[in-house]
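Okay, model-v7.txt now, which holds compact mmCIF, C-alpha atoms:
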```txt
# COMPACT_ATOMS: atom_id res chain seq x y z
CA MET A 5 13.50 0.11 -8.54
CA ALA A 6 16.09 -2.57 -9.27
CA LEU A 7 17.86 -1.69 -6.04
CA ALA A 8 14.62 -2.11 -4.09
CA TRP A 9 14.05 -5.54 -5.61
CA ALA A 10 17.64 -6.51 -4.86
CA ARG A 11 17.04 -5.61 -1.22
CA ALA A 12 13.76 -7.52 -1.18
CA GLU A 13 15.50 -10.55 -2.66
CA ARG A 14 18.01 -10.50 0.18
CA ALA A 15 15.23 -10.61 2.77
CA LEU A 16 15.12 -13.82 4.72
CA ASP A 17 12.15 -16.09 5.07
CA GLU A 18 12.23 -16.29 8.86
CA ARG A 19 10.48 -19.64 8.86
CA LYS A 20 13.00 -21.32 6.61
CA GLY A 21 16.09 -19.15 7.14
CA ARG A 22 16.89 -18.87 3.45
CA PRO A 23 16.79 -16.03 0.93
CA MET A 24 13.51 -15.51 -0.86
CA THR A 25 12.71 -13.80 -4.12
CA MET A 26 9.06 -13.05 -3.42
CA PRO A 27 7.36 -12.16 -0.13
CA TYR A 28 6.22 -15.20 1.83
CA ALA A 29 2.60 -15.58 2.90
CA ASP A 30 0.54 -18.30 4.49
CA GLY A 31 -2.85 -18.50 2.80
CA ASP A 32 -4.53 -15.15 3.14
CA GLY A 33 -1.91 -13.74 5.52
CA PRO A 34 0.06 -10.58 4.83
CA LEU A 35 2.97 -10.72 2.40
CA ILE A 36 5.08 -8.50 4.64
CA PRO A 37 4.77 -7.07 8.15
CA ARG A 38 3.04 -3.71 8.43
CA PRO A 39 5.75 -1.09 7.89
CA GLU A 40 6.35 1.91 10.07
CA LEU A 41 5.09 5.17 8.63
CA THR A 42 8.55 6.38 7.68
CA LEU A 43 9.95 7.11 4.25
CA PRO A 44 12.46 4.24 4.16
CA ALA A 45 9.97 1.68 5.48
CA LEU A 46 7.16 2.76 3.14
CA ARG A 47 9.49 2.95 0.13
CA GLN A 48 10.69 -0.61 0.79
CA ALA A 49 7.14 -1.86 1.36
CA VAL A 50 5.86 -0.30 -1.87
CA ALA A 51 8.84 -1.73 -3.75
CA THR A 52 7.99 -5.15 -2.37
CA VAL A 53 4.19 -5.40 -2.61
CA VAL A 54 3.34 -3.04 -5.47
CA PRO A 55 6.51 -2.01 -7.33
CA SER A 56 4.54 -0.77 -10.33
CA ARG A 57 3.39 2.14 -8.16
CA LEU A 58 6.87 3.39 -7.18
CA PRO A 59 6.78 6.25 -9.73
CA GLU A 60 3.45 7.39 -8.24
CA PHE A 61 4.92 7.05 -4.73
CA PHE A 62 7.87 9.33 -5.59
CA GLU A 63 5.64 11.82 -7.40
CA ASP A 64 3.32 12.03 -4.39
CA LEU A 65 6.36 12.39 -2.10
CA GLN A 66 7.63 15.33 -4.10
CA LYS A 67 4.20 16.98 -4.11
CA ALA A 68 3.93 16.49 -0.33
CA PHE A 69 7.29 18.15 0.28
CA VAL A 70 6.49 21.07 -2.03
CA ARG A 71 3.12 21.54 -0.35
CA ALA A 72 4.75 21.31 3.10
CA GLY A 73 7.17 24.06 2.11
CA ASP A 74 4.41 26.22 0.64
CA GLU A 75 2.25 25.80 3.73
CA ASP A 76 5.13 25.83 6.23
CA SER A 77 3.60 22.70 7.74
CA VAL A 78 4.45 19.03 8.20
CA VAL A 79 0.80 18.03 7.71
CA PRO A 80 1.18 17.26 3.98
CA ILE A 81 4.07 14.91 4.77
CA ARG A 82 2.07 13.16 7.47
CA MET A 83 -0.83 12.84 5.02
CA PHE A 84 1.54 11.30 2.47
CA TYR A 85 2.73 8.73 5.04
CA ARG A 86 -0.85 7.86 5.98
CA GLN A 87 -1.98 7.62 2.33
CA TRP A 88 0.82 5.25 1.39
CA GLY A 89 0.50 3.33 4.64
CA VAL A 90 -3.08 2.59 3.58
CA VAL A 91 -1.96 1.53 0.09
CA VAL A 92 0.58 -0.87 1.59
CA GLU A 93 -1.92 -2.14 4.17
CA ILE A 94 -4.27 -3.15 1.35
CA GLU A 95 -1.63 -4.49 -1.02
CA ARG A 96 0.20 -6.58 1.56
CA HIS A 97 -2.98 -8.69 1.85
CA PRO A 98 -3.40 -10.31 -1.60
CA GLU A 99 -7.08 -11.22 -1.17
CA THR A 100 -7.95 -7.74 0.09
CA ALA A 101 -6.06 -6.16 -2.82
CA ARG A 102 -7.83 -8.47 -5.28
CA ARG A 103 -11.23 -7.50 -3.83
CA LEU A 104 -10.41 -3.77 -4.00
CA HIS A 105 -9.18 -3.97 -7.60
CA ALA A 106 -12.28 -5.93 -8.61
CA ALA A 107 -14.48 -3.32 -6.94
CA GLU A 108 -12.59 -0.52 -8.71
CA GLN A 109 -13.29 -2.23 -12.03
CA ALA A 110 -16.95 -2.79 -11.16
CA VAL A 111 -17.45 0.93 -10.46
CA SER A 112 -17.51 1.36 -14.25
CA SER A 113 -20.32 -1.17 -14.64
CA PRO A 114 -23.44 -0.03 -16.49
CA ASP A 115 -25.47 -1.90 -13.83
CA PRO A 116 -26.31 0.55 -11.01
CA VAL A 117 -26.66 -2.27 -8.47
CA ALA A 118 -23.18 -3.57 -9.32
CA ARG A 119 -21.78 -0.02 -9.11
CA ASP A 120 -23.35 0.56 -5.69
CA ARG A 121 -22.05 -2.77 -4.39
CA ALA A 122 -18.57 -1.97 -5.73
CA ILE A 123 -18.55 1.47 -4.11
CA ARG A 124 -19.59 -0.03 -0.76
CA GLU A 125 -16.98 -2.80 -1.03
CA ALA A 126 -14.17 -0.38 -1.92
CA GLY A 127 -15.20 2.00 0.85
CA GLU A 128 -15.23 -0.78 3.45
CA ILE A 129 -11.77 -1.98 2.39
CA VAL A 130 -10.24 1.49 2.44
CA ARG A 131 -11.85 2.43 5.77
CA ALA A 132 -10.61 -0.82 7.36
CA ALA A 133 -7.09 -0.12 6.06
CA HIS A 134 -7.21 3.42 7.50
CA ARG A 135 -8.24 1.98 10.88
CA GLU A 136 -5.38 -0.52 10.83
CA VAL A 137 -2.81 2.10 9.88
CA ALA A 138 -4.12 4.37 12.63
CA GLY A 139 -3.52 1.64 15.18
CA GLY A 140 -6.49 -0.67 14.97
```

In structure tokens, what does this structure look like?
Amino acid sequence: MALAWARAERALDERKGRPMTMPYADGDGPLIPRPELTLPALRQAVATVVPSRLPEFFEDLQKAFVRAGDEDSVVPIRMFYRQWGVVVEIERHPETARRLHAAEQAVSSPDPVARDRAIREAGEIVRAAHREVAGG
């Protein structure tokens, strides 16, 4: 993880041409560009926008490769790329991530109206992220 942060710190803020330590964003814009659905690009994106989830990323990667071997299929690997592409798509937009995390918390509410609203909100966010990752 330290290596990933070191790489992120060397990234250049294209607008100012100087090293940055945190991703740059204008207002509600994305922290980073949407990464390609490749292992190196997704690993770097996760390390940048949600580094606390890197252990989960690597665990899911290992499970995908084991499942791919068991099934003699690349589908589990493609599913892994899509799943983590969606995570990054949400997390690279701070306001969207904040709304999703708030909805996830509200799902535990004792108020059924609040729970229903939270489920709808989370579903809309995740579906929109899937659409974006799939190409709009």

Practice prompt. Using only C-alpha atoms, pick whichever of A:Val92, A:Gln87, A:Ala68, A:Phe61 has the shortest atom-to-atom distance to Ala49 of chain A.
Written response: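 Between A:Val92, A:Gln87, A:Ala68, A:Phe61, the residue approaching Ala49 of chain A most closely is A:Val92.
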
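Comparing the minimum interatomic distances between Arg102 of chain A and each of A:Val50, A:Ala45, A:Val70, A:Ala126, counting only C-alpha atoms, we find that A:Ala126 sits nearest.
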
Is it possible to get the axis-aligned box enclosing segment 39-51 of chain A (all listed atoms, 3 Å extra per side) as lines of an AutoDock Vina configuration file, with centre and edge lengths in Å rounded to one decimal?
```
center_x = 8.8
center_y = 2.6
center_z = 3.2
size_x = 13.4
size_y = 15.0
size_z = 19.8
```

Excluding Leu104 of chain A and residues on its chain fewer than 5 positions from it, collect all residues at most 9 Å away from it, counting all atoms listed in the file, and give them as a PDB file with C-alpha atoms, in the frame of the given file.
```
ATOM      1  CA  ILE A  94      -4.270  -3.150   1.350  1.00  0.00           C
ATOM      2  CA  GLU A  99      -7.080 -11.220  -1.170  1.00  0.00           C
ATOM      3  CA  GLN A 109     -13.290  -2.230 -12.030  1.00  0.00           C
ATOM      4  CA  ALA A 122     -18.570  -1.970  -5.730  1.00  0.00           C
ATOM      5  CA  GLU A 125     -16.980  -2.800  -1.030  1.00  0.00           C
ATOM      6  CA  ALA A 126     -14.170  -0.380  -1.920  1.00  0.00           C
ATOM      7  CA  GLY A 127     -15.200   2.000   0.850  1.00  0.00           C
ATOM      8  CA  ILE A 129     -11.770  -1.980   2.390  1.00  0.00           C
ATOM      9  CA  VAL A 130     -10.240   1.490   2.440  1.00  0.00           C
TER      10      VAL A 130
END
```

Item to complete: Could you jot down the atom CA of Asp120 of chain A to atom CA of Glu136 of chain A separation for me, Å, one decimal place?
Response: 24.4 Å

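Between atom CA of Asp64 of chain A and atom CA of Met83 of chain A the interatomic distance comes to 10.3 Å.
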
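Straight-line separation from atom CA of Glu128 of chain A to atom CA of Val91 of chain A: 13.9 Å.
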
Worksheet item: Can you list, as an MDAnalysis selection string, every protein, DNA or RNA residue that comes within 9 Å of Ile123 of chain A when you count all atoms listed in the file, leaving out same-chain residues fewer than 5 positions away?
Response: chainID A and resid 107:108 110:111 118 128

Using only C-alpha atoms, please write the residues we just selected to a file, as an mmCIF file, keeping the file's coordinate frame.
```
data_model
loop_
_atom_site.group_PDB
_atom_site.id
_atom_site.type_symbol
_atom_site.label_atom_id
_atom_site.label_comp_id
_atom_site.auth_asym_id
_atom_site.auth_seq_id
_atom_site.Cartn_x
_atom_site.Cartn_y
_atom_site.Cartn_z
ATOM 1 C CA ALA A 107 -14.480 -3.320 -6.940
ATOM 2 C CA GLU A 108 -12.590 -0.520 -8.710
ATOM 3 C CA ALA A 110 -16.950 -2.790 -11.160
ATOM 4 C CA VAL A 111 -17.450 0.930 -10.460
ATOM 5 C CA ALA A 118 -23.180 -3.570 -9.320
ATOM 6 C CA GLU A 128 -15.230 -0.780 3.450
#
```

Practice prompt. May I have the protein, DNA and RNA residues with an atom at most 12 Å from (-3.2, -7.1, -0.4), counting all atoms listed in the file in the file's coordinates, returned as a ChimeraX atom specification?
Written response: /A:27,29,31-38,49-50,52-54,90-105,129-130,133

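Considering the residues A:Pro80, A:Gly89, A:Pro44, A:Pro59 and counting all atoms listed in the file, Ala138 of chain A has its shortest atom-to-atom contact with A:Gly89.
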
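Distances here use only C-alpha atoms; by that measure, the residue among A:Gly73, A:Arg119, A:Ser112, A:Trp88 closest to Leu58 of chain A is A:Trp88.
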
Discussion item. Measuring between only C-alpha atoms, which one of A:Ala106, A:Leu41, A:Ala72, A:Val117 shows the shortest distance to Arg86 of chain A?
Written reply: A:Leu41

Since the input lacks some atoms of segment 92-115 of chain A, please model N, CA, C and O atoms and print them as a short mmCIF file (atom, residue, chain, number, x, y, z; two decimals), in the frame of the given file.
```cif
data_model
loop_
_atom_site.label_atom_id
_atom_site.label_comp_id
_atom_site.auth_asym_id
_atom_site.auth_seq_id
_atom_site.Cartn_x
_atom_site.Cartn_y
_atom_site.Cartn_z
N VAL A 92 -0.20 0.32 1.23
CA VAL A 92 0.58 -0.87 1.59
C VAL A 92 -0.28 -1.82 2.42
O VAL A 92 -0.23 -3.03 2.22
N GLU A 93 -1.07 -1.28 3.33
CA GLU A 93 -1.92 -2.14 4.17
C GLU A 93 -2.85 -2.99 3.30
O GLU A 93 -3.04 -4.17 3.56
N ILE A 94 -3.39 -2.41 2.26
CA ILE A 94 -4.27 -3.15 1.35
C ILE A 94 -3.45 -4.13 0.52
O ILE A 94 -3.79 -5.31 0.43
N GLU A 95 -2.39 -3.67 -0.08
CA GLU A 95 -1.63 -4.49 -1.02
C GLU A 95 -0.84 -5.62 -0.37
O GLU A 95 -0.52 -6.60 -1.02
N ARG A 96 -0.55 -5.50 0.91
CA ARG A 96 0.20 -6.58 1.56
C ARG A 96 -0.70 -7.77 1.87
O ARG A 96 -0.21 -8.84 2.23
N HIS A 97 -1.99 -7.61 1.70
CA HIS A 97 -2.98 -8.69 1.85
C HIS A 97 -3.53 -9.01 0.45
O HIS A 97 -4.40 -8.29 -0.04
N PRO A 98 -3.02 -10.05 -0.21
CA PRO A 98 -3.40 -10.31 -1.60
C PRO A 98 -4.92 -10.42 -1.84
O PRO A 98 -5.42 -9.89 -2.83
N GLU A 99 -5.63 -11.07 -0.97
CA GLU A 99 -7.08 -11.22 -1.17
C GLU A 99 -7.79 -9.88 -1.03
O GLU A 99 -8.69 -9.56 -1.80
N THR A 100 -7.37 -9.07 -0.08
CA THR A 100 -7.95 -7.74 0.09
C THR A 100 -7.66 -6.88 -1.13
O THR A 100 -8.56 -6.19 -1.65
N ALA A 101 -6.43 -6.93 -1.62
CA ALA A 101 -6.06 -6.16 -2.82
C ALA A 101 -6.88 -6.62 -4.02
O ALA A 101 -7.37 -5.80 -4.79
N ARG A 102 -7.05 -7.93 -4.16
CA ARG A 102 -7.83 -8.47 -5.28
C ARG A 102 -9.27 -7.96 -5.21
O ARG A 102 -9.83 -7.52 -6.21
N ARG A 103 -9.85 -7.98 -4.00
CA ARG A 103 -11.23 -7.50 -3.83
C ARG A 103 -11.34 -6.01 -4.17
O ARG A 103 -12.29 -5.58 -4.83
N LEU A 104 -10.37 -5.21 -3.72
CA LEU A 104 -10.41 -3.77 -4.00
C LEU A 104 -10.29 -3.52 -5.50
O LEU A 104 -11.05 -2.73 -6.06
N HIS A 105 -9.36 -4.19 -6.16
CA HIS A 105 -9.18 -3.97 -7.60
C HIS A 105 -10.40 -4.42 -8.38
O HIS A 105 -10.78 -3.77 -9.36
N ALA A 106 -11.04 -5.49 -7.95
CA ALA A 106 -12.28 -5.93 -8.61
C ALA A 106 -13.38 -4.90 -8.40
O ALA A 106 -14.13 -4.58 -9.34
N ALA A 107 -13.47 -4.35 -7.21
CA ALA A 107 -14.48 -3.32 -6.94
C ALA A 107 -14.21 -2.07 -7.77
O ALA A 107 -15.13 -1.45 -8.32
N GLU A 108 -12.94 -1.70 -7.90
CA GLU A 108 -12.59 -0.52 -8.71
C GLU A 108 -13.01 -0.73 -10.16
O GLU A 108 -13.48 0.21 -10.81
N GLN A 109 -12.85 -1.93 -10.66
CA GLN A 109 -13.29 -2.23 -12.03
C GLN A 109 -14.80 -2.19 -12.14
O GLN A 109 -15.35 -1.70 -13.12
N ALA A 110 -15.49 -2.71 -11.13
CA ALA A 110 -16.95 -2.79 -11.16
C ALA A 110 -17.61 -1.41 -11.04
O ALA A 110 -18.78 -1.26 -11.40
N VAL A 111 -16.90 -0.42 -10.56
CA VAL A 111 -17.45 0.93 -10.46
C VAL A 111 -17.84 1.45 -11.85
O VAL A 111 -18.75 2.27 -11.97
N SER A 112 -17.20 0.95 -12.88
CA SER A 112 -17.51 1.36 -14.25
C SER A 112 -18.66 0.57 -14.87
O SER A 112 -19.00 0.80 -16.03
N SER A 113 -19.24 -0.32 -14.12
CA SER A 113 -20.32 -1.17 -14.64
C SER A 113 -21.54 -0.33 -15.04
O SER A 113 -21.89 0.63 -14.36
N PRO A 114 -22.20 -0.72 -16.12
CA PRO A 114 -23.44 -0.03 -16.49
C PRO A 114 -24.59 -0.39 -15.54
O PRO A 114 -25.60 0.31 -15.50
N ASP A 115 -24.44 -1.45 -14.77
CA ASP A 115 -25.47 -1.90 -13.83
C ASP A 115 -25.36 -1.09 -12.54
O ASP A 115 -24.36 -1.18 -11.82
#
```
